[in-house]
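What follows is model.txt (compact mmCIF, C-alpha atoms and all ligand atoms).
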# COMPACT_ATOMS: atom_id res chain seq x y z
CA MET A 1 -49.33 68.58 92.91
CA GLY A 2 -50.89 70.11 89.77
CA ASN A 3 -49.27 71.58 86.70
CA LYS A 4 -47.13 74.67 86.90
CA LYS A 5 -48.73 77.92 85.80
CA ILE A 6 -47.70 80.74 83.51
CA HIS A 7 -49.02 84.29 83.35
CA ILE A 8 -48.00 86.69 80.54
CA ILE A 9 -48.62 90.44 80.57
CA THR A 10 -48.67 91.81 77.02
CA PHE A 11 -47.87 95.33 75.85
CA GLY A 12 -48.11 96.80 72.37
CA CYS A 13 -49.28 95.59 69.02
CA GLN A 14 -51.13 92.62 67.57
CA MET A 15 -47.78 91.04 66.74
CA ASN A 16 -47.08 90.90 70.49
CA VAL A 17 -50.56 89.59 71.29
CA HIS A 18 -49.88 86.80 68.79
CA ASP A 19 -46.40 86.11 70.22
CA THR A 20 -47.97 85.81 73.67
CA GLU A 21 -50.39 83.21 72.33
CA ARG A 22 -47.47 81.27 70.82
CA MET A 23 -45.54 81.38 74.11
CA ARG A 24 -48.63 80.10 75.93
CA MET A 25 -48.83 77.26 73.43
CA ILE A 26 -45.12 76.36 73.72
CA MET A 27 -45.19 76.40 77.52
CA LYS A 28 -48.42 74.37 77.56
CA GLN A 29 -46.44 71.63 75.78
CA GLU A 30 -44.03 71.83 78.74
CA GLY A 31 -46.85 71.36 81.22
CA TYR A 32 -47.54 75.00 82.13
CA ASP A 33 -51.24 75.84 82.44
CA TRP A 34 -52.47 79.37 81.94
CA SER A 35 -53.05 81.45 85.05
CA GLU A 36 -55.47 84.37 84.84
CA SER A 37 -53.69 86.10 87.68
CA PRO A 38 -49.98 86.66 88.39
CA ASP A 39 -50.69 85.71 92.03
CA ASP A 40 -50.95 81.98 91.23
CA ALA A 41 -48.22 81.79 88.59
CA ASP A 42 -44.86 79.97 88.72
CA LEU A 43 -43.58 81.89 85.70
CA ILE A 44 -44.52 85.51 84.92
CA LEU A 45 -43.47 87.00 81.60
CA LEU A 46 -43.76 90.60 80.43
CA ASN A 47 -44.04 90.56 76.66
CA THR A 48 -42.89 94.07 75.87
CA CYS A 49 -43.09 96.82 73.26
CA SER A 50 -40.46 99.48 72.58
CA VAL A 51 -42.16 101.43 69.81
CA ARG A 52 -42.73 104.35 72.19
CA GLU A 53 -41.11 105.35 75.43
CA GLY A 54 -44.31 105.01 77.50
CA PRO A 55 -44.83 101.25 77.06
CA GLU A 56 -41.10 100.69 77.59
CA ASN A 57 -41.21 102.47 80.94
CA LYS A 58 -44.19 100.38 81.99
CA VAL A 59 -41.93 97.29 82.07
CA HIS A 60 -40.04 98.68 85.04
CA SER A 61 -43.12 99.87 86.91
CA GLN A 62 -44.99 96.61 86.27
CA LEU A 63 -42.10 94.44 87.49
CA GLY A 64 -41.74 96.69 90.54
CA ARG A 65 -45.42 96.08 91.38
CA LEU A 66 -44.97 92.31 91.00
CA LYS A 67 -41.78 92.13 93.07
CA PRO A 68 -43.56 91.30 96.37
CA LEU A 69 -44.80 88.03 94.76
CA LYS A 70 -41.20 87.01 94.23
CA GLU A 71 -40.39 87.82 97.85
CA LYS A 72 -43.24 85.51 98.95
CA ASN A 73 -42.33 82.69 96.55
CA LYS A 74 -38.62 82.17 95.91
CA GLU A 75 -39.39 79.58 93.17
CA LEU A 76 -41.30 82.12 91.06
CA LEU A 77 -39.50 83.11 87.84
CA PHE A 78 -39.73 86.55 86.21
CA GLY A 79 -38.94 87.06 82.53
CA VAL A 80 -38.98 89.85 79.96
CA THR A 81 -39.67 88.93 76.33
CA GLY A 82 -40.41 90.91 73.15
CA CYS A 83 -38.94 94.15 71.82
CA VAL A 84 -37.56 95.63 75.07
CA ALA A 85 -35.87 92.28 75.78
CA GLN A 86 -34.31 92.38 72.31
CA GLN A 87 -33.32 96.03 72.64
CA LYS A 88 -31.78 95.90 76.12
CA GLY A 89 -30.66 92.27 76.53
CA LYS A 90 -28.19 91.89 79.41
CA GLU A 91 -28.65 95.51 80.46
CA LEU A 92 -32.08 94.53 81.85
CA LEU A 93 -30.42 92.16 84.31
CA LYS A 94 -28.32 95.04 85.62
CA GLN A 95 -31.38 97.27 85.92
CA ILE A 96 -33.67 94.64 87.47
CA SER A 97 -31.71 92.47 89.90
CA TYR A 98 -34.57 89.99 90.49
CA LEU A 99 -35.09 89.18 86.79
CA ASP A 100 -34.52 85.52 85.79
CA LEU A 101 -34.72 85.51 82.02
CA VAL A 102 -34.61 87.78 78.98
CA VAL A 103 -35.81 86.29 75.69
CA GLY A 104 -35.67 88.28 72.43
CA THR A 105 -38.12 88.44 69.54
CA ASP A 106 -36.44 85.70 67.49
CA ALA A 107 -35.99 83.33 70.42
CA ILE A 108 -39.58 82.47 71.43
CA ALA A 109 -39.06 78.81 70.50
CA SER A 110 -36.16 78.56 72.96
CA LEU A 111 -38.26 79.71 75.93
CA PRO A 112 -38.62 76.18 77.47
CA ASN A 113 -34.83 75.65 77.27
CA VAL A 114 -34.16 79.03 78.81
CA VAL A 115 -36.55 78.26 81.70
CA LYS A 116 -34.88 74.86 82.24
CA LYS A 117 -31.42 76.44 82.26
CA VAL A 118 -32.47 79.05 84.82
CA LYS A 119 -33.84 76.31 87.08
CA GLU A 120 -30.77 74.09 86.68
CA THR A 121 -28.18 76.78 87.24
CA GLY A 122 -30.10 79.14 89.50
CA LYS A 123 -28.67 81.97 87.39
CA PRO A 124 -30.38 84.38 85.00
CA VAL A 125 -30.28 83.59 81.28
CA VAL A 126 -30.35 86.00 78.32
CA GLN A 127 -31.22 84.74 74.83
CA THR A 128 -31.41 87.54 72.27
CA GLU A 129 -29.53 86.36 69.17
CA PHE A 130 -31.34 86.85 65.87
CA GLN A 131 -31.85 83.67 63.86
CA ASP A 132 -30.02 83.36 60.56
CA ASN A 133 -32.56 84.60 57.96
CA SER A 134 -31.77 81.85 55.46
CA GLU A 135 -32.70 79.24 58.06
CA TYR A 136 -35.36 81.20 59.91
CA GLU A 137 -37.92 79.01 61.65
CA PHE A 138 -41.35 80.35 62.48
CA VAL A 139 -43.12 78.88 65.51
CA GLU A 140 -45.61 76.41 64.09
CA LEU A 141 -49.11 75.87 65.43
CA ASP A 142 -49.78 72.82 67.59
CA ILE A 143 -53.10 71.33 66.45
CA ASN A 144 -53.73 70.05 69.98
CA TYR A 145 -53.57 73.54 71.45
CA ASN A 146 -56.98 74.47 72.70
CA PHE A 147 -58.21 77.46 70.69
CA SER A 148 -61.37 78.97 72.00
CA LYS A 149 -61.58 81.84 69.55
CA PHE A 150 -63.33 82.30 66.24
CA SER A 151 -60.85 84.90 65.09
CA ASP A 152 -57.07 84.46 65.18
CA PHE A 153 -53.78 85.78 63.83
CA VAL A 154 -51.45 84.17 61.32
CA THR A 155 -47.87 85.39 60.96
CA ILE A 156 -46.92 85.53 57.29
CA MET A 157 -43.61 87.34 57.70
CA LYS A 158 -41.32 88.72 60.34
CA GLY A 159 -39.05 91.77 60.57
CA CYS A 160 -38.84 94.85 58.40
CA ASN A 161 -36.43 95.96 55.66
CA LYS A 162 -37.49 99.60 55.82
CA ARG A 163 -35.59 102.16 57.82
CA CYS A 164 -38.23 104.74 58.70
CA SER A 165 -36.25 107.43 60.52
CA TYR A 166 -38.20 107.21 63.78
CA CYS A 167 -38.82 103.48 64.05
CA ILE A 168 -37.03 100.99 66.27
CA VAL A 169 -38.80 97.91 64.85
CA PRO A 170 -36.12 96.88 62.29
CA TYR A 171 -33.55 96.90 65.10
CA VAL A 172 -35.60 94.78 67.49
CA ARG A 173 -37.39 92.50 65.03
CA GLY A 174 -34.60 92.06 62.49
CA ARG A 175 -34.67 91.82 58.70
CA GLU A 176 -37.73 90.73 56.80
CA VAL A 177 -38.36 87.00 56.24
CA SER A 178 -41.46 85.70 54.44
CA ARG A 179 -42.88 82.48 55.80
CA PRO A 180 -43.18 79.53 53.40
CA VAL A 181 -46.57 79.67 51.68
CA GLU A 182 -47.31 75.97 52.34
CA ASP A 183 -46.79 76.49 56.10
CA ILE A 184 -49.16 79.47 56.10
CA LEU A 185 -51.86 77.55 54.22
CA LYS A 186 -51.44 74.46 56.44
CA GLU A 187 -51.78 76.57 59.57
CA ILE A 188 -54.93 78.29 58.29
CA GLU A 189 -56.45 74.93 57.34
CA MET A 190 -55.74 73.65 60.87
CA MET A 191 -57.36 76.75 62.33
CA ALA A 192 -60.44 76.22 60.15
CA GLN A 193 -60.69 72.64 61.48
CA LYS A 194 -60.61 74.06 65.00
CA GLY A 195 -63.55 76.38 64.28
CA VAL A 196 -61.67 79.60 63.52
CA LYS A 197 -63.76 81.64 61.07
CA GLU A 198 -61.68 84.76 60.70
CA ILE A 199 -57.93 85.20 60.33
CA THR A 200 -55.75 88.31 60.40
CA LEU A 201 -52.50 88.03 58.48
CA LEU A 202 -49.64 89.68 60.33
CA GLY A 203 -46.47 91.36 59.09
CA GLN A 204 -44.70 94.68 59.68
CA THR A 205 -45.17 95.49 56.00
CA VAL A 206 -47.57 92.66 55.34
CA ASN A 207 -48.08 93.36 51.63
CA SER A 208 -44.35 93.12 50.83
CA TYR A 209 -44.75 89.35 51.37
CA ARG A 210 -42.92 87.33 48.73
CA TYR A 211 -42.02 83.67 48.88
CA GLN A 212 -40.68 81.82 45.84
CA GLY A 213 -42.62 83.95 43.36
CA ILE A 214 -45.82 84.10 45.44
CA ASP A 215 -46.61 87.71 46.32
CA PHE A 216 -49.21 89.09 48.72
CA ALA A 217 -51.99 89.25 46.10
CA SER A 218 -51.42 85.59 45.07
CA LEU A 219 -51.36 84.56 48.73
CA LEU A 220 -54.74 86.23 49.29
CA TYR A 221 -56.23 84.24 46.39
CA LYS A 222 -54.90 80.97 47.86
CA ILE A 223 -56.24 81.76 51.34
CA ASN A 224 -59.61 82.76 49.93
CA ASP A 225 -60.00 79.17 48.67
CA ILE A 226 -59.64 77.57 52.12
CA ASN A 227 -62.90 75.95 53.26
CA GLY A 228 -64.16 76.98 56.68
CA ILE A 229 -62.38 80.32 56.76
CA GLU A 230 -65.00 82.98 56.12
CA ARG A 231 -63.09 86.19 56.72
CA VAL A 232 -59.58 87.42 55.99
CA ARG A 233 -57.98 90.59 57.35
CA PHE A 234 -54.39 91.78 57.33
CA THR A 235 -52.19 94.32 59.09
CA SER A 236 -50.30 96.53 58.34
CA PRO A 237 -49.87 97.27 54.65
CA HIS A 238 -47.26 99.73 53.36
CA PRO A 239 -48.19 102.10 50.49
CA LYS A 240 -45.05 101.17 48.54
CA TYR A 241 -46.40 97.66 48.02
CA PHE A 242 -50.05 98.55 47.59
CA THR A 243 -49.98 97.64 43.91
CA GLU A 244 -53.05 97.41 41.67
CA PRO A 245 -53.01 93.56 41.83
CA VAL A 246 -53.08 93.78 45.65
CA MET A 247 -55.93 96.32 45.63
CA ASP A 248 -57.82 94.31 42.99
CA ALA A 249 -57.45 91.13 45.07
CA ILE A 250 -58.87 92.88 48.13
CA ALA A 251 -61.83 94.17 46.10
CA GLU A 252 -62.49 90.92 44.24
CA LEU A 253 -62.10 88.30 46.95
CA ASP A 254 -65.32 87.75 48.88
CA LYS A 255 -63.56 86.62 52.07
CA VAL A 256 -61.22 89.62 52.29
CA MET A 257 -62.98 92.16 54.50
CA GLU A 258 -63.81 95.73 53.50
CA HIS A 259 -61.44 97.28 56.01
CA ILE A 260 -57.84 98.36 55.76
CA HIS A 261 -55.65 99.72 58.47
CA TYR A 262 -53.46 101.96 56.33
CA PRO A 263 -50.74 103.89 58.21
CA LEU A 264 -50.38 107.44 56.86
CA GLN A 265 -48.05 108.86 59.60
CA SER A 266 -48.13 112.37 58.08
CA GLY A 267 -49.96 114.23 55.33
CA SER A 268 -46.96 116.42 54.52
CA ASN A 269 -44.58 115.36 51.74
CA GLU A 270 -41.72 117.14 53.48
CA VAL A 271 -42.28 115.17 56.67
CA LEU A 272 -42.87 111.88 54.81
CA LYS A 273 -39.56 112.39 53.01
CA HIS A 274 -37.73 113.10 56.25
CA MET A 275 -39.38 110.03 57.78
CA ARG A 276 -38.10 107.96 54.79
CA ARG A 277 -41.56 106.57 54.31
CA GLN A 278 -41.00 106.05 50.56
CA TYR A 279 -44.38 107.40 49.39
CA SER A 280 -45.98 110.76 48.83
CA ALA A 281 -49.30 112.08 50.05
CA GLU A 282 -50.45 112.04 46.41
CA LEU A 283 -49.67 108.32 46.03
CA TYR A 284 -51.46 107.53 49.28
CA LEU A 285 -54.54 109.48 48.17
CA SER A 286 -54.58 107.94 44.71
CA GLN A 287 -54.51 104.43 46.24
CA ILE A 288 -57.37 105.33 48.58
CA ALA A 289 -59.36 106.76 45.65
CA TYR A 290 -58.75 103.55 43.62
CA MET A 291 -59.92 101.34 46.45
CA LYS A 292 -62.94 103.46 47.35
CA LYS A 293 -64.05 103.36 43.72
CA LYS A 294 -63.90 99.56 43.76
CA MET A 295 -65.28 99.21 47.30
CA PRO A 296 -67.50 102.17 48.23
CA GLN A 297 -68.24 100.51 51.59
CA LEU A 298 -64.52 100.28 52.51
CA GLU A 299 -63.68 101.40 56.06
CA ILE A 300 -60.23 102.87 56.58
CA THR A 301 -58.26 103.38 59.77
CA THR A 302 -54.78 104.80 60.10
CA ASP A 303 -51.78 105.66 62.31
CA ILE A 304 -50.52 109.23 62.60
CA ILE A 305 -47.45 110.63 64.33
CA VAL A 306 -47.95 114.14 65.69
CA GLY A 307 -45.06 116.47 66.51
CA TYR A 308 -42.38 114.83 64.39
CA PRO A 309 -39.31 117.07 65.03
CA THR A 310 -39.43 118.73 61.57
CA GLU A 311 -43.23 119.12 61.51
CA THR A 312 -44.24 122.75 61.00
CA ASP A 313 -47.72 124.20 61.45
CA ALA A 314 -48.14 124.01 57.69
CA ASP A 315 -47.10 120.32 57.68
CA PHE A 316 -49.60 119.59 60.41
CA GLU A 317 -52.34 121.36 58.44
CA GLU A 318 -51.53 119.02 55.50
CA THR A 319 -52.23 116.05 57.77
CA LEU A 320 -55.57 117.52 58.83
CA LYS A 321 -56.40 118.17 55.17
CA ILE A 322 -55.82 114.51 54.24
CA MET A 323 -57.83 113.37 57.23
CA LYS A 324 -60.79 115.40 55.99
CA GLU A 325 -60.35 114.16 52.44
CA VAL A 326 -60.04 110.45 53.29
CA GLU A 327 -62.55 110.57 56.17
CA PHE A 328 -60.82 107.87 58.20
CA ASP A 329 -63.22 105.79 60.27
CA ASN A 330 -60.68 105.92 63.07
CA SER A 331 -57.08 106.92 63.60
CA PHE A 332 -54.47 105.99 66.18
CA SER A 333 -52.45 109.12 66.76
CA PHE A 334 -49.40 109.43 68.99
CA LEU A 335 -46.93 112.11 69.92
CA TYR A 336 -43.51 111.54 68.40
CA SER A 337 -41.34 109.61 70.84
CA PRO A 338 -37.55 109.48 70.19
CA ARG A 339 -36.33 105.90 70.14
CA PRO A 340 -32.74 104.72 70.62
CA MET A 341 -30.92 103.28 67.60
CA THR A 342 -33.13 105.19 65.13
CA ALA A 343 -31.77 107.67 62.57
CA ILE A 344 -33.29 110.75 64.23
CA TYR A 345 -32.80 109.81 67.87
CA ASP A 346 -30.37 112.70 68.39
CA LEU A 347 -32.12 115.17 66.11
CA ASP A 348 -32.97 118.53 67.67
CA ASP A 349 -36.62 118.62 68.55
CA PRO A 350 -37.60 122.30 68.55
CA ILE A 351 -41.38 121.85 68.92
CA PRO A 352 -42.46 122.76 72.46
CA GLU A 353 -44.31 119.96 74.28
CA GLU A 354 -47.39 122.19 74.71
CA GLU A 355 -47.54 122.81 70.99
CA LYS A 356 -47.33 119.08 70.26
CA LYS A 357 -50.10 118.31 72.72
CA GLU A 358 -52.26 121.04 71.20
CA ARG A 359 -51.79 119.55 67.74
CA LEU A 360 -52.65 116.07 69.02
CA HIS A 361 -55.77 117.41 70.71
CA LYS A 362 -56.84 119.17 67.51
CA LEU A 363 -56.29 116.03 65.47
CA LYS A 364 -58.22 113.86 67.91
CA GLU A 365 -61.12 116.34 67.90
CA LEU A 366 -61.24 116.30 64.12
CA GLN A 367 -61.11 112.50 64.11
CA GLU A 368 -63.99 112.28 66.54
CA GLU A 369 -66.08 114.57 64.34
CA ILE A 370 -65.31 112.45 61.27
CA SER A 371 -65.89 109.17 63.13
CA ILE A 372 -69.30 110.34 64.37
CA SER A 373 -70.28 111.37 60.86
CA ARG A 374 -69.07 108.04 59.42
CA THR A 375 -70.96 106.09 62.10
CA SER A 376 -74.18 108.01 61.48
CA LYS A 377 -74.07 106.93 57.82
CA LEU A 378 -74.16 103.28 58.93
CA ILE A 379 -77.37 103.64 60.95
CA GLY A 380 -80.14 101.77 59.15
CA SER A 381 -77.64 99.73 57.12
CA ILE A 382 -77.40 95.94 57.10
CA GLN A 383 -74.07 94.61 58.39
CA GLU A 384 -72.68 91.09 58.41
CA VAL A 385 -71.38 90.32 61.90
CA LEU A 386 -69.30 87.43 63.28
CA ILE A 387 -70.62 86.91 66.83
CA GLU A 388 -67.54 86.53 69.00
CA ASP A 389 -68.25 87.50 72.60
CA GLU A 390 -70.90 87.42 75.24
CA GLY A 391 -71.16 89.96 78.01
CA ASP A 392 -68.17 92.14 77.22
CA GLY A 393 -70.24 95.35 77.12
CA ARG A 394 -72.06 97.10 79.97
CA ASN A 395 -74.90 94.65 79.64
CA LYS A 396 -73.74 91.19 80.70
CA ASN A 397 -76.37 89.50 78.54
CA GLN A 398 -75.31 91.37 75.45
CA PHE A 399 -73.41 89.77 72.55
CA SER A 400 -70.87 91.44 70.32
CA GLY A 401 -68.88 90.88 67.20
CA ARG A 402 -67.26 92.70 64.29
CA SER A 403 -68.74 93.90 61.03
CA ARG A 404 -66.91 93.33 57.73
CA GLY A 405 -65.64 96.91 58.12
CA ASN A 406 -64.18 95.92 61.53
CA ARG A 407 -66.68 97.88 63.63
CA LYS A 408 -67.62 96.48 66.99
CA VAL A 409 -71.35 95.66 66.89
CA PHE A 410 -73.44 94.97 70.00
CA ILE A 411 -76.52 92.76 69.76
CA ASP A 412 -79.00 92.25 72.63
CA ASP A 413 -80.66 89.08 71.44
CA ILE A 414 -79.16 86.49 69.10
CA GLY A 415 -82.15 84.12 69.26
CA GLU A 416 -81.20 80.65 67.97
CA TYR A 417 -77.77 81.79 66.86
CA LYS A 418 -74.61 81.06 68.84
CA LEU A 419 -71.07 82.36 69.26
CA GLY A 420 -69.11 81.86 66.03
CA ASP A 421 -72.12 82.36 63.75
CA ILE A 422 -72.09 85.01 61.06
CA VAL A 423 -75.38 86.92 61.03
CA LYS A 424 -77.01 89.81 59.24
CA VAL A 425 -77.70 92.73 61.53
CA LYS A 426 -79.67 95.94 61.04
CA VAL A 427 -77.85 98.85 62.68
CA ILE A 428 -80.19 100.74 65.01
CA SER A 429 -77.78 103.13 66.74
CA GLY A 430 -74.11 103.96 67.10
CA SER A 431 -71.53 105.65 69.30
CA VAL A 432 -68.23 107.07 68.03
CA HIS A 433 -66.81 103.71 66.92
CA ALA A 434 -69.28 101.00 67.95
CA LEU A 435 -72.68 100.09 66.55
CA LYS A 436 -75.78 98.51 68.02
CA GLY A 437 -77.92 96.28 65.89
CA GLU A 438 -80.71 93.73 65.66
CA ILE A 439 -80.48 90.42 63.86
CA ILE A 440 -82.75 90.32 60.81
S1 LIG B 501 -42.25 100.17 57.73
FE1 LIG B 501 -41.22 101.80 58.87
S2 LIG B 501 -42.65 102.19 60.60
FE2 LIG B 501 -43.20 100.18 59.77
S3 LIG B 501 -42.03 98.70 61.00
FE3 LIG B 501 -40.80 99.14 59.16
S4 LIG B 501 -39.43 100.81 59.78
FE4 LIG B 501 -41.08 100.71 61.31
Would you write the structure of this file as structure tokens?
Amino acid sequence: MGNKKIHIITFGCQMNVHDTERMRMIMKQEGYDWSESPDDADLILLNTCSVREGPENKVHSQLGRLKPLKEKNKELLFGVTGCVAQQKGKELLKQISYLDLVVGTDAIASLPNVVKKVKETGKPVVQTEFQDNSEYEFVELDINYNFSKFSDFVTIMKGCNKRCSYCIVPYVRGREVSRPVEDILKEIEMMAQKGVKEITLLGQTVNSYRYQGIDFASLLYKINDINGIERVRFTSPHPKYFTEPVMDAIAELDKVMEHIHYPLQSGSNEVLKHMRRQYSAELYLSQIAYMKKKMPQLEITTDIIVGYPTETDADFEETLKIMKEVEFDNSFSFLYSPRPMTAIYDLDDPIPEEEKKERLHKLKELQEEISISRTSKLIGSIQEVLIEDEGDGRNKNQFSGRSRGNRKVFIDDIGEYKLGDIVKVKVISGSVHALKGEII
């Protein structure tokens, strides 16, 4: 009989994608191989997101779809991990009678023990306690884990100390803890040995990192010195901690890419204040102006919430105004979704749904116009691309990778080059967000 198999379905952000990878690694140490399909798995986990209502609801529908597998195979275990697990805990067991385990955001390392306990007792297990921050232990990388990627994530901190009025994250991810700098550097060095060329540093407010006097800017300098790592990205920075030393480090360090994902949320000071975002539109714009002056080629993407309960037409117009001024390369915009536990969960929401949808549509149209214009300016330019994939576009023989500005770039012919190489590409055409180029 072969190894047992695990299949994990991931919802939400890059933090969750990274947690999934860590769970795969931990369960591999326990003898669980990865299964591409839930049909062959002995353990199926849903790694969940509760930032908006939509993804949260998907947990129930997804488990409902998988239920027949459990009816066919009584040994199969179902688990929910991530933010919904943390948020709902035991309640999930009441809602989903065939669930075997619920593991919260701080309890990833205990997953093997939880699985063992379920098997031994035949009863469901819930593990959702937060770790004590003073003794917090991050899940460390196993050098023997088989990485096949050239680009990977590195957690540099967990949790969030902000209390943005609409956001559930601090309640499901806990207080902020910065990871020891030596552990971060060791992990990146191990990744470099394994052939990883690009890393993305992860944290809810990644630039508020501080560990024993080392701040985010100093950390970037240390990472920039690691041999083998060619590219450094990070997500997501918060304007409150976007100090001049941080911006200077980004501009000066050759391995830090010319792209920032910089959440704006709203262009209106009234709304930002109500959201408790702790910055003004003016501060945000002055930081963008500072960075663009130092890095004219900088590409900027953002997150925007549309239809926040206090957002007036005039507030919304302020957001559109900033979008035009900054010329974001792309934006991820969502309708406001009330989340339990947050400060404004019970706040009256007077904006009619139709009105919200109209605003979102208008914003998306504007973004598309700006994105097309930004893309057209890149045609004819030379871009440095890390070749990462083969055959993920319409053409199965096509290769693709990312530019320094984080644009997807398709290449038909890579000649003598191979996956993992960094090449210079002349851009010959572009769609809204992707580019097509030829190696020069
Ligand atoms: S900074 Fe605000 S929006 Fe971001 S995770 Fe923290 S509370 Fe949520």
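The nearest approach to ligand LIG 501 (chain B) among the residues A:Lys436, A:Arg404, A:Arg175, A:Lys67, with all atoms listed in the file taken into account, belongs to A:Arg175.
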Long-range neighbours of segment 257-272 of chain A as a short mmCIF file (atom, residue, chain, number, x, y, z; two decimals) with C-alpha atoms, in the frame of the given file, 6 Å cut-off, all atoms listed in the file, 4 positions minimum in chain:
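This is the output file out26.cif:
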data_model
loop_
_atom_site.label_atom_id
_atom_site.label_comp_id
_atom_site.auth_asym_id
_atom_site.auth_seq_id
_atom_site.Cartn_x
_atom_site.Cartn_y
_atom_site.Cartn_z
CA ARG A 233 -57.98 90.59 57.35
CA ARG A 277 -41.56 106.57 54.31
CA SER A 280 -45.98 110.76 48.83
CA ALA A 281 -49.30 112.08 50.05
CA LEU A 298 -64.52 100.28 52.51
CA GLU A 299 -63.68 101.40 56.06
CA ILE A 300 -60.23 102.87 56.58
CA THR A 301 -58.26 103.38 59.77
CA THR A 302 -54.78 104.80 60.10
CA ASP A 303 -51.78 105.66 62.31
CA ILE A 304 -50.52 109.23 62.60
CA ILE A 305 -47.45 110.63 64.33
CA ASP A 315 -47.10 120.32 57.68
CA GLU A 318 -51.53 119.02 55.50
CA THR A 319 -52.23 116.05 57.77
CA ILE A 322 -55.82 114.51 54.24
CA ARG A 404 -66.91 93.33 57.73
CA GLY A 405 -65.64 96.91 58.12
#
Inset, instruction - Name the residues, by chain letter and number, that sit within 7 Å of ligand LIG 501 (chain B) using all atoms listed in the file, and give them as a PyMOL selection string. - result: chain A and resi 160-164+167-170+204-205+238+277
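Atom CA of Ala289 of chain A lies 10.1 Å from atom CA of Glu325 of chain A.
The list of residues with at least one atom within 12 Å of Gln212 of chain A, based on all atoms listed in the file and without residues fewer than 6 positions apart in the same chain, reads Val177, Ser178, Arg179, Pro180, Val181, Glu182, Ser218 and Leu219 of chain A.
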Inset, instruction - Rounded to one decimal place, report the atom CA of His274 of chain A-atom CA of Pro338 of chain A distance in Å. - result: 14.4 Å
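The smallest atom-to-atom distance between Thr342 of chain A and any of A:Ile428, A:Ile156, A:Val51, A:Leu77, using all atoms listed in the file, is found for A:Val51.
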Inset, instruction - Just the residues within 6 Å of segment 350-360 of chain A, please, counting all atoms listed in the file, with nothing from its chain fewer than 2 positions along; format it as a list in words. - result: Gly307, Lys362 and Leu363 of chain A
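For the pair atom CA of Pro239 of chain A and atom CA of Met323 of chain A, the separation is 16.3 Å.
Proximity to Gly380 of chain A was assessed for A:Gln398, A:Ser333, A:Gly437, A:Ser61 counting all atoms listed in the file; the smallest distance is recorded for A:Gly437.
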Inset, instruction - Scan for residues within 10 Å of the point (-63.6, 108.7, 56.8) in the coordinates of the file, using all atoms listed in the file, and reply as an NGL selection string. - result: :A and (298-301 or 323-331 or 367 or 369-375)
Legend entry - Close residues, Glu187 of chain A itself excluded, 12 Å, only C-alpha atoms, min 4 positions apart in chain, as a list of chain:residue names: A:Phe138, A:Val139, A:Glu140, A:Leu141, A:Asp142, A:Ile143, A:Asp152, A:Phe153, A:Val154, A:Thr155, A:Ile156, A:Arg179, A:Pro180, A:Val181, A:Glu182, A:Asp183, A:Met191, A:Ala192, A:Gln193, A:Lys194, A:Val196, A:Ile199, A:Leu201, A:Ile223, A:Ile226, A:Ile229
Give me, as a CSV table (one decimal) with C-alpha atoms, in the coordinates of the input, all polymer residues having an atom no more than 12 Å from Val80 of chain A, counting only C-alpha atoms and skipping those fewer than 4 positions away in the same chain.
chain,number,residue,atom,x,y,z
A,7,HIS,CA,-49.0,84.3,83.4
A,8,ILE,CA,-48.0,86.7,80.5
A,9,ILE,CA,-48.6,90.4,80.6
A,10,THR,CA,-48.7,91.8,77.0
A,11,PHE,CA,-47.9,95.3,75.8
A,20,THR,CA,-48.0,85.8,73.7
A,43,LEU,CA,-43.6,81.9,85.7
A,44,ILE,CA,-44.5,85.5,84.9
A,45,LEU,CA,-43.5,87.0,81.6
A,46,LEU,CA,-43.8,90.6,80.4
A,47,ASN,CA,-44.0,90.6,76.7
A,48,THR,CA,-42.9,94.1,75.9
A,49,CYS,CA,-43.1,96.8,73.3
A,56,GLU,CA,-41.1,100.7,77.6
A,58,LYS,CA,-44.2,100.4,82.0
A,59,VAL,CA,-41.9,97.3,82.1
A,60,HIS,CA,-40.0,98.7,85.0
A,62,GLN,CA,-45.0,96.6,86.3
A,63,LEU,CA,-42.1,94.4,87.5
A,84,VAL,CA,-37.6,95.6,75.1
A,85,ALA,CA,-35.9,92.3,75.8
A,86,GLN,CA,-34.3,92.4,72.3
A,87,GLN,CA,-33.3,96.0,72.6
A,88,LYS,CA,-31.8,95.9,76.1
A,89,GLY,CA,-30.7,92.3,76.5
A,90,LYS,CA,-28.2,91.9,79.4
A,91,GLU,CA,-28.6,95.5,80.5
A,92,LEU,CA,-32.1,94.5,81.8
A,93,LEU,CA,-30.4,92.2,84.3
A,96,ILE,CA,-33.7,94.6,87.5
A,98,TYR,CA,-34.6,90.0,90.5
A,99,LEU,CA,-35.1,89.2,86.8
A,100,ASP,CA,-34.5,85.5,85.8
A,101,LEU,CA,-34.7,85.5,82.0
A,102,VAL,CA,-34.6,87.8,79.0
A,103,VAL,CA,-35.8,86.3,75.7
A,104,GLY,CA,-35.7,88.3,72.4
A,105,THR,CA,-38.1,88.4,69.5
A,107,ALA,CA,-36.0,83.3,70.4
A,108,ILE,CA,-39.6,82.5,71.4
A,111,LEU,CA,-38.3,79.7,75.9
A,114,VAL,CA,-34.2,79.0,78.8
A,115,VAL,CA,-36.6,78.3,81.7
A,124,PRO,CA,-30.4,84.4,85.0
A,125,VAL,CA,-30.3,83.6,81.3
A,126,VAL,CA,-30.4,86.0,78.3
A,127,GLN,CA,-31.2,84.7,74.8
A,128,THR,CA,-31.4,87.5,72.3
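Minimum distance to Gly203 of chain A across A:Ile6, A:Cys13, A:Ile382, A:Val427 (counting all atoms listed in the file) occurs at A:Cys13.
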